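Q: One structure is given below, represented as structure tokens, and several questions about it will come after.
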Amino acid sequence: MTILVTGGTGNTGRPLTETLRARGADVRVASRRPGPDGVPFDWEDPGAYARVLAGAEAVYLVPPPLTPDPMPMAGPFLEAARAAGVRRVVLLGSLMVPRGAQGAAELEGAVRSFPEWAVLRPSGFMQNFTGAHPVAVGIRERGEIRSATGEGRLGWIDAADIAAAAAEVLLAPGPVAGDQVLTGPESLGYAEAAAIIAEVTGRPVRHTPAPVADLVRRNLDAGMPEPFAAALAGVDADIAKGSVDRVTDTVHRLTGRVPRSFADFARARREEWSTT
Ligand SMILES: NC(=O)c1ccc[n+]([C@@H]2O[C@H](COP(=O)([O-])OP(=O)(O)OC[C@H]3O[C@@H](n4cnc5c(N)ncnc54)[C@H](OP(=O)(O)O)[C@@H]3O)[C@@H](O)[C@H]2O)c1
């Protein structure tokens with residue numbers, strides 16, 4: 001079976017590709033810079049959708065990034081997938097769909113119309129605390145996480161656990177899994193996450209409240225386009241209300257392994273927060 005992995009160089013796509021290849025699947029990595037074994041693919045180039053999809057039987061779909069409405073690109077892409085004979089689509093959705101986000105329901109509807117489909121709804125990625133993400137930058141530069149989440153908690157998940165679950169769903173011999181909420185093993189607020197990073201690194205890290213408008217500015221400064229920057233900042237309000245404070249056993253049920261804890265992740269990635 002040929003599996004097309006969109007976002008195949010990203011947080012979930014990279015470990016997913018490794019797992020699928022290790023298990024003998026024929027994987028086609030698709031992104032703008034896919035590496036030597038991949039196919040160049042840009043969401044902004046709809047004329048290339050059919051070429052990228054030709055011969056694929058299954059698709060791992062990471063929606064077009066940095067836009068609150070995926071449908072202008074994802075809609076035609078899924079039509080091209082259907083025309084190419086794709087049977088199975090596994091969508092990387094989210095437990096935290098920004099309020100008022102256009103197109104999320106339509107995208108899921110389009111995915112559900114395939115003979116075999118699954119929508120993975122992960123909680124917040126532990127990877128948000130690493131790399132160029134504004135949360136990670138704040139920790140490195142000021143020992144500070146600014147958010148409007150208050151005491152709100154969520155079940156932070158390692159993207160590698162999402163990838164492991166996605167691999168099981170993509171490779172399942174029979175009908176696949178439908179809707180799956182994926183979380184890590186525990187629900188933590190930013191204050192608790194900050195305390196864990198402080199303990200692991202030996203440097204102070206605090207959580208400070210910030211108005212949503214400040215977070216929108218921070219996201220814009222990080223290079224996000226305006227509607228997306230606002231939608232992402234708005235997610236904090238949902239977290240504050242407790243609407244994503246949940247932990248599921250889905251990763252364990254699908255993969256047979258317990259998802260990684262935040263403390264374990266922080267220990268493994270402590271260099272991320274080094275100031276030198
Ligand atoms: N972060 C969270 O807490 C969280 C929580 C729940 C759900 N999610 C969902 O996860 C998804 C994004 O995850 P992420 O932020 O970790 O990103 P990511 O998957 O690490 O990176 C984005 C991927 O998309 C590719 N890409 C970027 N622009 C592209 C373009 N124009 N055309 C084709 N490919 C492109 C990138 O590769 P190239 O640069 O090579 O193109 C990369 O492989 C979103 O759909 C989000 O809703 C995130």
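Order determines the names: the first chain of the structure tokens is A, the second B, and so forth; residues in each chain are numbered 1 upward, and ligands are numbered 1 upward as they are shown.
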Neighbours of ligand 1 at 6 Å or closer, counting only C-alpha atoms and all ligand atoms: which residues, as a PyMOL selection string?

A: chain A and resi 7-12+31-34+41-44+62-63+65+93-94+122-125+128

Q: In range 50-99 of chain A, what's alpha helix (DSSP H) per DSSP? Answer as an MDAnalysis selection string?

A: chainID A and resid 50:53 71:84

Q: Mind listing the strand (DSSP E) residues of range 19-185 of chain A, per DSSP on the backbone, as a ChimeraX atom specification?

A: /A:26-31,39-40,58-61,88-92,116-122,144-147,178-182

Q: Go ahead and dump the residues you just picked, C-alpha atoms, as a PDB file, in the first residue's frame.

A:
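After the write, again.pdb holds the following:
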ATOM      1  CA  ASP A  26       5.655   2.341   0.803  1.00  0.00           C
ATOM      2  CA  VAL A  27       5.655   5.940   2.061  1.00  0.00           C
ATOM      3  CA  ARG A  28       5.603   9.084  -0.034  1.00  0.00           C
ATOM      4  CA  VAL A  29       6.671  12.099   2.030  1.00  0.00           C
ATOM      5  CA  ALA A  30       5.085  15.302   0.746  1.00  0.00           C
ATOM      6  CA  SER A  31       6.139  18.799   1.785  1.00  0.00           C
ATOM      7  CA  VAL A  39       7.941  14.480  -3.406  1.00  0.00           C
ATOM      8  CA  PRO A  40       7.870  18.284  -3.468  1.00  0.00           C
ATOM      9  CA  ALA A  58      -4.006   6.100   1.843  1.00  0.00           C
ATOM     10  CA  VAL A  59      -3.297   9.667   2.958  1.00  0.00           C
ATOM     11  CA  TYR A  60      -2.165  11.141   6.260  1.00  0.00           C
ATOM     12  CA  LEU A  61      -3.553  14.636   6.076  1.00  0.00           C
ATOM     13  CA  ARG A  88      -8.260   5.723   3.448  1.00  0.00           C
ATOM     14  CA  VAL A  89      -7.761   9.225   4.864  1.00  0.00           C
ATOM     15  CA  VAL A  90      -6.430   9.901   8.355  1.00  0.00           C
ATOM     16  CA  LEU A  91      -6.817  13.555   9.319  1.00  0.00           C
ATOM     17  CA  LEU A  92      -4.683  15.311  11.895  1.00  0.00           C
ATOM     18  CA  GLU A 116     -12.180   4.446   5.317  1.00  0.00           C
ATOM     19  CA  TRP A 117     -11.402   7.436   7.507  1.00  0.00           C
ATOM     20  CA  ALA A 118     -10.217   8.566  10.898  1.00  0.00           C
ATOM     21  CA  VAL A 119     -10.001  11.959  12.553  1.00  0.00           C
ATOM     22  CA  LEU A 120      -7.276  12.177  15.168  1.00  0.00           C
ATOM     23  CA  ARG A 121      -7.925  14.925  17.710  1.00  0.00           C
ATOM     24  CA  PRO A 122      -4.766  15.460  19.720  1.00  0.00           C
ATOM     25  CA  GLU A 144       8.587  32.873  31.226  1.00  0.00           C
ATOM     26  CA  ILE A 145       5.487  31.311  29.703  1.00  0.00           C
ATOM     27  CA  ARG A 146       2.826  33.934  28.994  1.00  0.00           C
ATOM     28  CA  SER A 147      -0.706  32.721  28.411  1.00  0.00           C
ATOM     29  CA  GLY A 178     -13.328   6.992  13.224  1.00  0.00           C
ATOM     30  CA  ASP A 179     -12.953   9.771  15.791  1.00  0.00           C
ATOM     31  CA  GLN A 180     -10.046   9.494  18.217  1.00  0.00           C
ATOM     32  CA  VAL A 181      -9.139  11.956  20.964  1.00  0.00           C
ATOM     33  CA  LEU A 182      -5.425  11.609  21.715  1.00  0.00           C
TER      34      LEU A 182
END

Q: Rank A:Ile197, A:Thr275, A:Asp221, A:Leu215 by their smallest atom-to-atom distance to Ala263 in chain A, using only C-alpha atoms, and report the top residue only.

A: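 So, comparing all the options, the nearest one is A:Ile197.
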
Q: Fewer than 5 positions away in the same chain doesn't count, so skip those; otherwise give me all residues within 12 Å of His133 in chain A, counting only C-alpha atoms, as a list in words.

A: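 Residues near the query, excluding close chain neighbours: Phe125, Met126, Gln127, Asn128, Gly138, Ile139, Arg140, Ile145, Arg218, Asn219, Asp221, Ala222, Gly223, Met224 and Glu272 of chain A.
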
Q: Would you pick out the contacts of Ile239 in chain A at 6 Å or less, using only C-alpha atoms, so that residues sharing its chain but fewer than 5 positions from it are not included, and give the list as a ChimeraX atom specification?

A: /A:149,152,244

Q: Quick one, how far is CA of Leu16 in chain A from CA of Ile162 in chain A?

A: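 CA of Ile162 in chain A lies at a distance of 8.4 Å from CA of Leu16 in chain A.
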
Q: Leaving out Val251 in chain A and any residue of its chain fewer than 3 positions from it, which residues lie within 6 Å of it when counting only C-alpha atoms, given as a list in words?

A: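 Using only C-alpha atoms, the neighbours found are Ala165, Leu254 and Thr255 of chain A.
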
Q: What does the distance between CA of Pro225 in chain A and CA of Thr67 in chain A come to in Å, to one decimal place?

A: 7.7 Å

Q: Residues within 10 Å of Phe77 in chain A, please, as a list in words. Count only C-alpha atoms; anything in the same chain fewer than 2 positions from it doesn't count.

A: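 The neighbour list is Trp43, Pro46, Gly47, Ala48, Tyr49, Ala50, Val52, Leu53, Leu61, Met71, Pro72, Met73, Ala74, Gly75, Glu79, Ala80, Ala81, Arg82 and Ala83 of chain A.
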
Q: State, in Å with one decimal place, the distance from CA of Pro175 in chain A to CA of Trp156 in chain A.

A: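 CA of Trp156 in chain A lies 28.2 Å from CA of Pro175 in chain A.
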
Q: Need the shell around Gln102 in chain A: protein/DNA/RNA residues with any atom at most 8 Å away, counting only C-alpha atoms. Skip same-chain ones fewer than 2 positions apart. Format as a list in words?

A: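 What passes the distance filter is Pro68, Asp69, Pro70, Gly100, Ala104 and Ala105 of chain A.
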
Q: Hey, can you spit out that residue selection with N, CA, C and O atoms as a short mmCIF file (atom, residue, chain, number, x, y, z; two decimals), in the first residue's frame?

A:
data_model
loop_
_atom_site.label_atom_id
_atom_site.label_comp_id
_atom_site.auth_asym_id
_atom_site.auth_seq_id
_atom_site.Cartn_x
_atom_site.Cartn_y
_atom_site.Cartn_z
N PRO A 68 -6.85 29.68 9.29
CA PRO A 68 -7.94 29.13 10.10
C PRO A 68 -8.93 28.34 9.26
O PRO A 68 -9.68 27.53 9.78
N ASP A 69 -8.97 28.60 7.94
CA ASP A 69 -9.92 27.86 7.08
C ASP A 69 -9.15 27.00 6.09
O ASP A 69 -8.61 27.50 5.10
N PRO A 70 -9.10 25.68 6.34
CA PRO A 70 -8.31 24.80 5.46
C PRO A 70 -8.99 24.50 4.14
O PRO A 70 -8.34 24.05 3.19
N GLY A 100 -15.01 29.65 16.19
CA GLY A 100 -15.28 30.41 14.97
C GLY A 100 -14.42 30.01 13.79
O GLY A 100 -14.50 30.62 12.73
N ALA A 104 -13.52 23.82 9.61
CA ALA A 104 -13.10 22.61 10.34
C ALA A 104 -14.15 21.50 10.17
O ALA A 104 -13.80 20.35 9.87
N ALA A 105 -15.43 21.86 10.34
CA ALA A 105 -16.49 20.85 10.20
C ALA A 105 -16.57 20.35 8.76
O ALA A 105 -16.75 19.15 8.52
#

Q: Name the closest residue to Phe265 in chain A among the candidates A:Ala230, A:His207, A:Ala237, A:Pro185; distances are taken between atoms, counting only C-alpha atoms.

A: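 Closest to Phe265 in chain A, using only C-alpha atoms: A:Pro185.
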